[in-house]
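A.B. asks: Next up, upload-v4.cif (mmCIF, C-alpha atoms).
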data_data
loop_
_atom_site.label_atom_id
_atom_site.label_comp_id
_atom_site.auth_asym_id
_atom_site.auth_seq_id
_atom_site.Cartn_x
_atom_site.Cartn_y
_atom_site.Cartn_z
CA MET A 114 0.00 0.00 0.00
CA SER A 115 1.43 3.35 -1.01
CA GLY A 116 0.61 6.84 0.08
CA THR A 117 1.84 9.91 1.88
CA THR A 118 2.52 9.69 5.59
CA VAL A 119 1.47 12.81 7.44
CA ALA A 120 3.40 13.49 10.62
CA GLN A 121 1.18 13.96 13.64
CA ALA A 122 2.00 16.87 15.88
CA ALA A 123 3.15 15.77 19.30
CA PRO A 124 1.00 17.02 22.17
CA THR A 125 2.33 20.14 23.83
CA THR A 126 3.80 19.29 27.22
CA THR A 127 4.78 21.47 30.12
CA VAL A 128 8.45 20.91 29.36
CA THR A 129 7.89 21.90 25.71
CA GLN A 130 6.28 25.13 26.88
CA VAL A 131 9.18 25.78 29.25
CA PHE A 132 11.63 25.30 26.38
CA ASN A 133 9.77 27.57 23.99
CA HIS A 134 9.03 30.20 26.59
CA ALA A 135 12.71 30.36 27.51
CA ILE A 136 13.16 31.74 23.99
CA THR A 137 10.18 34.03 24.53
CA ALA A 138 11.92 35.49 27.59
CA SER A 139 14.86 36.62 25.44
CA ALA A 140 12.46 37.78 22.72
CA ILE A 141 10.67 40.07 25.18
CA SER A 142 13.96 41.75 26.06
CA ALA A 143 14.89 42.08 22.37
CA ALA A 144 11.45 43.45 21.51
CA TRP A 145 11.90 46.15 24.12
CA GLU A 146 15.37 47.16 22.89
CA THR A 147 14.36 47.18 19.21
CA GLY A 148 11.25 49.28 19.83
CA ALA A 149 8.64 46.61 19.04
CA PHE A 150 6.69 47.23 22.24
CA ASP A 151 6.58 50.97 21.54
CA ALA A 152 5.48 50.38 17.96
CA LEU A 153 2.67 48.02 18.93
CA ARG A 154 1.56 50.12 21.87
CA GLY A 155 1.11 53.09 19.56
CA SER A 156 -0.88 51.36 16.80
CA GLU A 157 -3.29 48.52 16.17
CA SER A 158 -0.74 46.50 14.21
CA LEU A 159 2.56 46.63 12.35
CA ASP A 160 4.08 45.06 9.29
CA ALA A 161 7.10 43.00 10.36
CA ASP A 162 9.02 43.67 7.15
CA GLU A 163 8.40 47.42 7.29
CA PHE A 164 9.30 47.48 10.99
CA ALA A 165 12.56 45.61 10.33
CA ALA A 166 13.50 47.95 7.49
CA ARG A 167 12.70 51.06 9.55
CA GLU A 168 14.71 49.89 12.58
CA GLY A 169 17.63 48.45 10.61
CA LEU A 170 16.86 44.86 11.60
CA ASP A 171 17.30 41.60 9.75
CA ALA A 172 13.88 40.72 8.34
CA ARG A 173 14.00 36.94 8.87
CA SER A 174 15.24 37.31 12.42
CA THR A 175 12.48 39.83 13.10
CA HIS A 176 9.80 37.40 11.90
CA GLU A 177 11.19 34.71 14.21
CA LEU A 178 11.31 37.21 17.06
CA PHE A 179 7.60 37.88 16.67
CA ARG A 180 6.91 34.13 16.45
CA ALA A 181 8.62 33.68 19.82
CA LEU A 182 6.34 36.38 21.23
CA ALA A 183 3.31 34.76 19.62
CA ALA A 184 4.17 31.46 21.37
CA ALA A 185 3.09 33.13 24.62
CA ASP A 186 0.15 35.06 23.10
CA ILE A 187 1.98 38.35 23.50
CA VAL A 188 1.30 39.07 19.83
CA THR A 189 -0.72 37.42 17.08
CA ARG A 190 0.56 36.98 13.52
CA ASP A 191 -1.10 36.84 10.14
CA GLY A 192 1.72 36.64 7.62
CA ALA A 193 3.80 39.77 8.14
CA ARG A 194 0.98 41.53 10.01
CA VAL A 195 1.59 41.58 13.78
CA ARG A 196 -1.01 42.64 16.34
CA ARG A 197 -1.16 42.88 20.12
CA GLY A 198 -2.11 39.57 21.71
CA PRO A 199 -4.07 38.87 24.90
CA ASN A 200 -0.87 38.91 27.00
CA PHE A 201 0.62 42.03 25.41
CA GLU A 202 -0.16 44.48 28.22
CA GLU A 203 1.25 42.21 30.93
CA ALA A 204 4.41 41.55 28.92
CA ASP A 205 4.78 45.25 28.18
CA ARG A 206 4.52 46.06 31.87
CA SER A 207 6.97 43.28 32.83
CA LYS A 208 9.54 43.67 30.04
CA SER A 209 12.16 45.22 32.34
CA LEU A 210 12.07 42.07 34.50
CA PHE A 211 12.95 39.98 31.46
CA HIS A 212 15.64 42.48 30.51
CA TRP A 213 17.19 42.15 33.98
CA MET A 214 17.16 38.37 33.64
CA THR A 215 18.23 37.83 30.03
CA ARG A 216 20.50 40.84 29.45
CA GLY A 217 21.69 41.92 32.88
CA CYS A 218 22.12 38.37 34.22
CA GLY A 219 22.30 36.52 30.91
CA GLU A 220 25.88 35.35 31.31
CA LEU A 221 25.31 34.38 34.92
CA PHE A 222 22.38 32.11 34.06
CA SER A 223 24.03 30.69 30.93
CA THR A 224 27.07 29.63 32.98
CA LEU A 225 25.00 28.27 35.87
CA PRO A 226 26.37 24.69 35.60
CA ALA A 227 29.88 25.98 36.32
CA LEU A 228 28.87 28.57 38.91
CA VAL A 229 27.13 26.12 41.23
CA GLN A 230 30.32 24.06 41.58
CA GLU A 231 32.22 24.96 44.72
CA LYS A 232 35.61 24.70 42.99
CA ASN A 233 34.66 27.59 40.68
CA ARG A 234 33.28 29.90 43.36
CA VAL A 235 36.47 31.84 44.08
CA GLY A 236 37.47 35.40 43.30
CA SER A 237 35.31 37.24 40.77
CA PHE A 238 33.65 34.04 39.61
CA TYR A 239 30.59 35.53 37.83
CA ARG A 240 29.84 38.46 35.54
CA ARG A 241 26.75 40.58 35.05
CA ASP A 242 26.05 43.52 32.75
CA ALA A 243 25.84 46.46 35.16
CA ALA A 244 24.63 48.89 32.49
CA ALA A 245 21.82 46.56 31.42
CA ILE A 246 20.81 46.00 35.03
CA SER A 247 20.72 49.77 35.58
CA VAL A 248 18.41 50.25 32.60
CA ALA A 249 16.15 47.41 33.75
CA CYS A 250 16.02 48.65 37.34
CA ARG A 251 15.05 52.13 36.15
CA GLU A 252 11.88 50.67 34.63
CA ILE A 253 11.29 48.30 37.56
CA ASN A 254 11.47 51.28 39.91
CA ALA A 255 9.06 53.31 37.79
CA GLU A 256 6.50 50.51 37.56
CA TRP A 257 6.47 48.98 41.03
CA TRP A 258 8.68 50.93 43.45
CA ASP A 259 8.05 54.60 42.68
CA PRO A 260 4.30 54.41 43.47
CA VAL A 261 5.35 53.48 47.01
CA PHE A 262 8.37 55.79 47.22
CA TRP A 263 6.99 59.13 46.03
CA PRO A 264 4.02 59.50 48.39
CA VAL A 265 6.42 59.08 51.33
CA VAL A 266 9.03 61.48 49.89
CA SER A 267 6.37 64.12 49.30
CA ARG A 268 5.86 64.36 53.07
CA LEU A 269 9.55 64.93 53.85
CA ASP A 270 11.55 68.17 53.98
CA PHE A 271 15.01 67.90 52.43
CA THR A 272 17.48 69.99 50.44
CA SER A 273 20.30 67.52 49.85
CA VAL A 274 19.80 63.89 48.89
CA ALA A 275 22.18 60.99 48.30
CA ASP A 276 21.29 57.70 46.62
CA LEU A 277 23.29 54.55 47.43
CA GLY A 278 23.42 52.25 44.43
CA CYS A 279 22.12 55.03 42.18
CA GLY A 280 22.13 52.87 39.04
CA SER A 281 20.84 54.77 36.03
CA GLY A 282 20.40 58.00 38.02
CA GLU A 283 16.69 58.28 37.27
CA ARG A 284 15.68 58.62 40.92
CA LEU A 285 18.31 61.32 41.50
CA ILE A 286 17.07 63.27 38.49
CA ARG A 287 13.49 63.19 39.69
CA LEU A 288 14.50 64.14 43.24
CA ALA A 289 16.55 67.07 41.97
CA ARG A 290 13.52 68.26 40.03
CA THR A 291 11.40 68.50 43.17
CA GLY A 292 12.89 71.94 43.80
CA PRO A 293 15.57 74.27 42.44
CA GLU A 294 17.37 74.24 45.78
CA VAL A 295 17.75 70.45 45.91
CA LYS A 296 21.23 69.04 45.35
CA ALA A 297 21.81 65.34 44.77
CA LEU A 298 24.67 62.86 44.99
CA GLY A 299 24.74 59.41 43.41
CA ILE A 300 26.99 56.61 44.65
CA ASP A 301 27.43 53.31 42.83
CA PHE A 302 30.09 50.62 42.87
CA ALA A 303 29.70 49.70 39.19
CA ALA A 304 31.54 51.82 36.63
CA GLY A 305 28.92 50.89 34.03
CA ALA A 306 26.13 52.30 36.19
CA ILE A 307 28.05 55.54 36.77
CA GLU A 308 28.52 55.86 33.01
CA VAL A 309 24.79 55.41 32.36
CA ALA A 310 23.86 57.84 35.15
CA THR A 311 26.36 60.49 34.00
CA ALA A 312 24.85 60.48 30.51
CA ALA A 313 21.31 60.67 31.90
CA VAL A 314 22.15 63.58 34.24
CA ALA A 315 23.81 65.50 31.41
CA GLN A 316 20.85 64.91 29.12
CA ALA A 317 18.53 66.20 31.84
CA GLY A 318 20.63 69.38 32.14
CA LEU A 319 21.28 68.80 35.84
CA SER A 320 25.05 68.32 35.94
CA ASP A 321 25.35 71.46 38.07
CA ARG A 322 23.18 70.00 40.85
CA ILE A 323 23.81 66.24 40.63
CA SER A 324 27.22 64.73 41.38
CA LEU A 325 28.19 61.10 40.87
CA VAL A 326 30.93 59.14 42.61
CA GLN A 327 32.04 55.53 42.37
CA GLY A 328 32.13 53.89 45.77
CA ASP A 329 31.21 50.87 47.85
CA ALA A 330 28.06 51.51 49.88
CA THR A 331 29.03 48.73 52.29
CA ALA A 332 32.34 50.37 53.17
CA LEU A 333 31.75 54.11 53.00
CA GLU A 334 34.43 56.51 54.13
CA PRO A 335 33.73 60.14 55.14
CA ARG A 336 33.72 62.57 52.21
CA PRO A 337 33.18 66.36 52.23
CA GLU A 338 30.15 66.03 49.92
CA PHE A 339 28.36 63.82 52.48
CA ALA A 340 27.99 66.78 54.84
CA GLY A 341 24.59 68.40 54.61
CA VAL A 342 22.82 65.36 53.12
CA ASP A 343 19.51 65.15 54.97
CA LEU A 344 17.78 62.46 52.90
CA LEU A 345 19.39 59.14 51.95
CA THR A 346 17.82 56.57 49.64
CA CYS A 347 18.93 53.03 48.87
CA PHE A 348 16.94 50.79 46.53
CA MET A 349 17.41 47.12 45.64
CA MET A 350 20.81 46.68 47.24
CA GLY A 351 20.17 46.51 50.99
CA HIS A 352 20.93 42.78 50.86
CA ASP A 353 24.49 43.69 49.90
CA PHE A 354 24.98 44.82 53.50
CA TRP A 355 24.44 41.28 54.81
CA PRO A 356 25.27 38.91 56.55
CA ARG A 357 23.81 40.25 59.75
CA ALA A 358 26.92 41.45 61.58
CA GLU A 359 28.06 43.27 58.45
CA ALA A 360 24.59 44.81 57.99
CA VAL A 361 24.72 46.24 61.50
CA ALA A 362 28.22 47.61 60.88
CA SER A 363 27.24 49.13 57.51
CA LEU A 364 24.15 50.83 58.91
CA ARG A 365 26.17 52.25 61.80
CA ARG A 366 28.79 53.52 59.35
CA ILE A 367 26.09 55.22 57.27
CA ARG A 368 24.99 57.16 60.36
CA GLU A 369 28.57 58.28 60.94
CA VAL A 370 29.53 59.35 57.40
CA PHE A 371 26.24 61.25 56.86
CA PRO A 372 26.25 63.40 60.01
CA ASP A 373 23.26 65.59 59.03
CA LEU A 374 20.95 62.80 57.93
CA LYS A 375 17.27 63.06 58.94
CA HIS A 376 15.64 60.36 56.83
CA PHE A 377 16.84 57.09 55.30
CA LEU A 378 14.52 55.28 52.86
CA LEU A 379 15.85 51.73 52.49
CA ALA A 380 13.94 49.56 50.01
CA ASP A 381 14.80 46.03 49.00
CA ALA A 382 13.53 42.58 48.14
CA THR A 383 13.46 40.07 50.97
CA ARG A 384 13.66 36.30 50.73
CA THR A 385 10.26 34.71 50.21
CA THR A 386 9.21 31.96 52.62
CA THR A 387 5.50 31.28 51.96
CA TYR A 388 5.14 30.45 48.24
CA PRO A 389 5.13 26.87 46.88
CA ASP A 390 7.82 26.11 44.30
CA THR A 391 5.25 25.74 41.53
CA ASP A 392 3.59 29.09 42.26
CA MET A 393 6.45 31.56 42.69
CA PRO A 394 5.51 35.14 41.75
CA VAL A 395 7.09 36.82 38.74
CA PHE A 396 10.74 37.86 39.16
CA SER A 397 11.14 36.41 42.66
CA MET A 398 12.62 33.06 41.59
CA ALA A 399 15.10 34.70 39.20
CA PHE A 400 16.10 37.29 41.79
CA GLU A 401 16.60 34.77 44.58
CA LEU A 402 18.44 32.24 42.40
CA ALA A 403 20.79 34.88 40.96
CA HIS A 404 21.73 36.17 44.38
CA ALA A 405 22.24 32.67 45.76
CA VAL A 406 24.59 31.93 42.86
CA MET A 407 26.47 35.19 43.47
CA GLY A 408 26.90 34.26 47.12
CA ASP A 409 24.68 37.08 48.38
CA TYR A 410 22.49 36.48 51.42
CA LEU A 411 18.88 37.66 51.09
CA PRO A 412 17.42 38.29 54.54
CA THR A 413 13.75 37.77 55.30
CA LEU A 414 11.57 40.62 56.49
CA GLU A 415 11.69 39.20 60.01
CA GLU A 416 15.51 39.17 59.93
CA TRP A 417 15.71 42.84 58.92
CA ARG A 418 13.62 44.36 61.71
CA PRO A 419 15.86 43.85 64.77
CA VAL A 420 18.94 45.03 62.86
CA PHE A 421 17.81 48.65 62.74
CA GLU A 422 17.61 49.27 66.47
CA GLU A 423 20.95 47.55 67.03
CA ALA A 424 22.54 49.80 64.39
CA GLY A 425 21.10 52.99 65.90
CA TRP A 426 18.00 53.56 63.76
CA ARG A 427 14.30 53.79 64.47
CA CYS A 428 11.88 52.43 61.87
CA ASP A 429 9.09 54.94 61.35
CA GLY A 430 7.25 52.90 58.73
CA GLU A 431 7.20 49.81 56.51
CA TYR A 432 5.71 50.06 53.04
CA PRO A 433 5.13 46.82 51.06
CA ILE A 434 6.20 46.58 47.38
CA SER A 435 4.73 43.84 45.19
CA VAL A 436 7.59 43.02 42.77
CA PRO A 437 9.68 41.12 43.67
CA ALA A 438 7.29 39.53 46.15
CA ASP A 439 7.80 40.48 49.81
CA SER A 440 9.75 43.62 48.94
CA VAL A 441 9.50 46.50 51.38
CA MET A 442 10.58 50.11 51.92
CA PHE A 443 11.68 51.01 55.45
CA HIS A 444 11.57 54.64 56.61
CA LEU A 445 14.44 54.95 59.06
CA VAL A 446 15.42 57.89 61.23
CA PRO A 447 18.55 58.14 63.41
CA ASN A 448 18.06 57.37 67.09
#
Could I get this file's structure written as structure tokens?

C.D. replies:
Amino acid sequence: MSGTTVAQAAPTTTVTQVFNHAITASAISAAWETGAFDALRGSESLDADEFAAREGLDARSTHELFRALAAADIVTRDGARVRRGPNFEEADRSKSLFHWMTRGCGELFSTLPALVQEKNRVGSFYRRDAAAISVACREINAEWWDPVFWPVVSRLDFTSVADLGCGSGERLIRLARTGPEVKALGIDFAAGAIEVATAAVAQAGLSDRISLVQGDATALEPRPEFAGVDLLTCFMMGHDFWPRAEAVASLRRIREVFPDLKHFLLADATRTTTYPDTDMPVFSMAFELAHAVMGDYLPTLEEWRPVFEEAGWRCDGEYPISVPADSVMFHLVPN
């Protein structure tokens, strides 16, 4: 008997979806950088070939990029015509999380088999893209952290602000714009972050009121420019102060090197303890895994609280932040 054999499609399994969606994760980051999210947000649809030509992209690669997005219903495709899919708005809102994971921590995750081996965990054993992380964190702050931060800041009086781990400099720029008398200082350990922030400050026309210095927030030494700072902010790096004894020492040192400080807004992710493995919230698993691989200790919320009093601070308020899960902003004042 002769005839044509038609291959039957294998049923989609969970593991197949994991495999394909791993590609989608990188596609979300690429779609953000190439402007695809902006283009689709601003119109009902786009032509993939025209979009590729306009943005200087390879046409075939662009079609495959949109197919990876379509695999998760972020877009729909009809030939070259691409439209927003049912998951477009959520992906658009969360794209910075994917950028942090695939661009900022891409090398870390791709070398995970080597990094989990004890013999390789010596010296500077991992690499991340500090500039990419700064860009991602700027959007993460705007989407999930700023709605908590700004209502608290609006109630405070300050004329000089410093930001530990200033990243892209976006928070400094916005703080400087709260009043013509406000001066700001950014401190970051990563040269790439300082480079991104310097360009952003210059573009904003605020180089006369915002200064940037490279330094280690966990080992600050007194500097003349620290005098007069009455508001200190520190976002998404409080875990770098840990383990506990070092956190106490770092917080005490901050009190000493900023002698005029009135308010300290410390915001960070904490280690989750209540979610089942199969139901982890977005970003939390990636954040906790990355920091475990890097050798960083993530304290729980309960571990943070007694540290403040021991280090000479009073906590005037705790403000929950939803992404990553169990994140919080502490409003600290010197005892």

A.B. asks: To one decimal place in Å, what is the distance between atom CA of Gly236 of chain A and atom CA of Gly408 of chain A?

C.D. replies: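 Computed distance, atom CA of Gly236 of chain A to atom CA of Gly408 of chain A, equals 11.3 Å.
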
A.B. asks: Separation of atom CA of Ile253 of chain A and atom CA of His176 of chain A, in Å?

C.D. replies: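 Computing the Euclidean distance for atom CA of Ile253 of chain A and atom CA of His176 of chain A yields 27.9 Å.
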
A.B. asks: Starting from the PyMOL selection byres ((chain A and resi 326) around 7), expand the selection into actual residues of this file and give them as a list in words.

C.D. replies: Gly299, Ile300, Asp301, Ser324, Leu325, Gln327 and Gly328 of chain A

A.B. asks: Using all atoms listed in the file, which residues sit within 8 Å of segment 214-220 of chain A once same-chain residues fewer than 5 positions away are excluded, as a list in words?

C.D. replies: Ala138, Ser139, Ser142, Arg240, Arg241, Asp242, Ala243, Ala244, Ala245, Ile246, Ala249, Ala399 and Ala403 of chain A

A.B. asks: Using only C-alpha atoms, what table do you get, as CSV, when you list each residue of segment 190-258 of chain A with an atom no more than 12 Å from segment 428-440 of chain A, its nearest pair of atoms, and their distance in Å rounded to one decimal, rows by chain then rising number?

C.D. replies:
residue,atom,partner,partner_atom,distance
A:Arg206,CA,A:Val436,CA,11.7
A:Ser207,CA,A:Val436,CA,10.0
A:Ser209,CA,A:Val436,CA,11.6
A:Leu210,CA,A:Val436,CA,9.5
A:Cys250,CA,A:Val436,CA,11.5
A:Glu252,CA,A:Val436,CA,12.0
A:Ile253,CA,A:Val436,CA,8.3
A:Asn254,CA,A:Val436,CA,9.6
A:Ala255,CA,A:Val436,CA,11.5
A:Glu256,CA,A:Val436,CA,9.2
A:Trp257,CA,A:Val436,CA,6.3
A:Trp258,CA,A:Ile434,CA,6.4

A.B. asks: Counting all atoms listed in the file, select every polymer residue within 12 Å of (0.5, 38.1, 26.1) as defined in the file's coordinates, and provide the selection as an MDAnalysis selection string.

C.D. replies: chainID A and resid 134 137:138 141 150 179 181:189 196:208

A.B. asks: If we count only C-alpha atoms and set the cut-off at 10 Å, which residues sit around Thr272 of chain A, ignoring sequence neighbours fewer than 6 positions away in its own chain? Please answer as number ranges by chain.

C.D. replies: A: 288-289, 291-297, 341-344

A.B. asks: Evaluate the PyMOL selection byres ((chain A and resi 363) around 10) against this structure - the residues, as JSON, numbers by chain, please.

C.D. replies: {"A": [330, 331, 332, 333, 351, 353, 354, 355, 357, 358, 359, 360, 361, 362, 364, 365, 366, 367, 368, 369, 424]}

A.B. asks: What are the centre and edge lengths in Å, to one decimal, of the axis-aligned box around all listed atoms of segment 198-215 of chain A with 4 Å added on each side, as JSON?

C.D. replies:
{"center_x": 7.1, "center_y": 41.9, "center_z": 28.1, "size_x": 30.3, "size_y": 16.2, "size_z": 20.8}

A.B. asks: Given the point (9.2, 56.7, 47.0) in the file's coordinates, find the residues that have an atom at most 10 Å from it, counting only C-alpha atoms, and give them as a PyMOL selection string.

C.D. replies: chain A and resi 254-255+258-267+284+288+346+348+378-380+432+442

A.B. asks: Take the residues that were just selected and, keeping C-alpha atoms, output them as an mmCIF file, in the frame of the given file.

C.D. replies:
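Contents of result-v8.cif, freshly written:
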data_model
loop_
_atom_site.group_PDB
_atom_site.id
_atom_site.type_symbol
_atom_site.label_atom_id
_atom_site.label_comp_id
_atom_site.auth_asym_id
_atom_site.auth_seq_id
_atom_site.Cartn_x
_atom_site.Cartn_y
_atom_site.Cartn_z
ATOM 1 C CA ASN A 254 11.470 51.280 39.910
ATOM 2 C CA ALA A 255 9.060 53.310 37.790
ATOM 3 C CA TRP A 258 8.680 50.930 43.450
ATOM 4 C CA ASP A 259 8.050 54.600 42.680
ATOM 5 C CA PRO A 260 4.300 54.410 43.470
ATOM 6 C CA VAL A 261 5.350 53.480 47.010
ATOM 7 C CA PHE A 262 8.370 55.790 47.220
ATOM 8 C CA TRP A 263 6.990 59.130 46.030
ATOM 9 C CA PRO A 264 4.020 59.500 48.390
ATOM 10 C CA VAL A 265 6.420 59.080 51.330
ATOM 11 C CA VAL A 266 9.030 61.480 49.890
ATOM 12 C CA SER A 267 6.370 64.120 49.300
ATOM 13 C CA ARG A 284 15.680 58.620 40.920
ATOM 14 C CA LEU A 288 14.500 64.140 43.240
ATOM 15 C CA THR A 346 17.820 56.570 49.640
ATOM 16 C CA PHE A 348 16.940 50.790 46.530
ATOM 17 C CA LEU A 378 14.520 55.280 52.860
ATOM 18 C CA LEU A 379 15.850 51.730 52.490
ATOM 19 C CA ALA A 380 13.940 49.560 50.010
ATOM 20 C CA TYR A 432 5.710 50.060 53.040
ATOM 21 C CA MET A 442 10.580 50.110 51.920
#

A.B. asks: Report as a PyMOL selection string the residues that result from applying the PyMOL selection byres ((chain A and resi 175) around 12) to the structure here.

C.D. replies: chain A and resi 140+143-144+147-149+160-174+176-182+193+195

A.B. asks: For the selection you just gave me, I'd like the residues written to a file as a compact mmCIF listing (two decimals), keeping the file's coordinate frame, keeping C-alpha atoms.

C.D. replies:
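In the end it all went to out_14.txt:
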# COMPACT_ATOMS: atom_id res chain seq x y z
CA ALA A 140 12.46 37.78 22.72
CA ALA A 143 14.89 42.08 22.37
CA ALA A 144 11.45 43.45 21.51
CA THR A 147 14.36 47.18 19.21
CA GLY A 148 11.25 49.28 19.83
CA ALA A 149 8.64 46.61 19.04
CA ASP A 160 4.08 45.06 9.29
CA ALA A 161 7.10 43.00 10.36
CA ASP A 162 9.02 43.67 7.15
CA GLU A 163 8.40 47.42 7.29
CA PHE A 164 9.30 47.48 10.99
CA ALA A 165 12.56 45.61 10.33
CA ALA A 166 13.50 47.95 7.49
CA ARG A 167 12.70 51.06 9.55
CA GLU A 168 14.71 49.89 12.58
CA GLY A 169 17.63 48.45 10.61
CA LEU A 170 16.86 44.86 11.60
CA ASP A 171 17.30 41.60 9.75
CA ALA A 172 13.88 40.72 8.34
CA ARG A 173 14.00 36.94 8.87
CA SER A 174 15.24 37.31 12.42
CA HIS A 176 9.80 37.40 11.90
CA GLU A 177 11.19 34.71 14.21
CA LEU A 178 11.31 37.21 17.06
CA PHE A 179 7.60 37.88 16.67
CA ARG A 180 6.91 34.13 16.45
CA ALA A 181 8.62 33.68 19.82
CA LEU A 182 6.34 36.38 21.23
CA ALA A 193 3.80 39.77 8.14
CA VAL A 195 1.59 41.58 13.78

A.B. asks: What does the distance between atom CA of Gly425 of chain A and atom CA of Leu345 of chain A come to in Å, to one decimal place?

C.D. replies: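 Between atom CA of Gly425 of chain A and atom CA of Leu345 of chain A the gap is 15.3 Å.
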
A.B. asks: Which residue out of A:Met350, A:Leu298, A:Thr413, A:Pro124 has the minimum interatomic distance to Thr386 of chain A when only C-alpha atoms are used?

C.D. replies: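 Between A:Met350, A:Leu298, A:Thr413, A:Pro124, the residue approaching Thr386 of chain A most closely is A:Thr413.
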
A.B. asks: Using all atoms listed in the file, can you tell me which of A:Pro394, A:Glu401, A:Tyr239, A:Arg322 comes closest to Pro226 of chain A?

C.D. replies: A:Tyr239

A.B. asks: Residues at most 6 Å from Val446 of chain A, counting all atoms listed in the file, excluding those fewer than 5 positions away in the same chain, as number ranges by chain?

C.D. replies: A: 375-376, 426-427

A.B. asks: With distances taken over only C-alpha atoms, which residue among A:Asp409, A:Asp276, A:Glu415, A:Asp191 lies nearest Cys347 of chain A?

C.D. replies: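 Looking at the shortest contact to Cys347 of chain A, the residue is A:Asp276.
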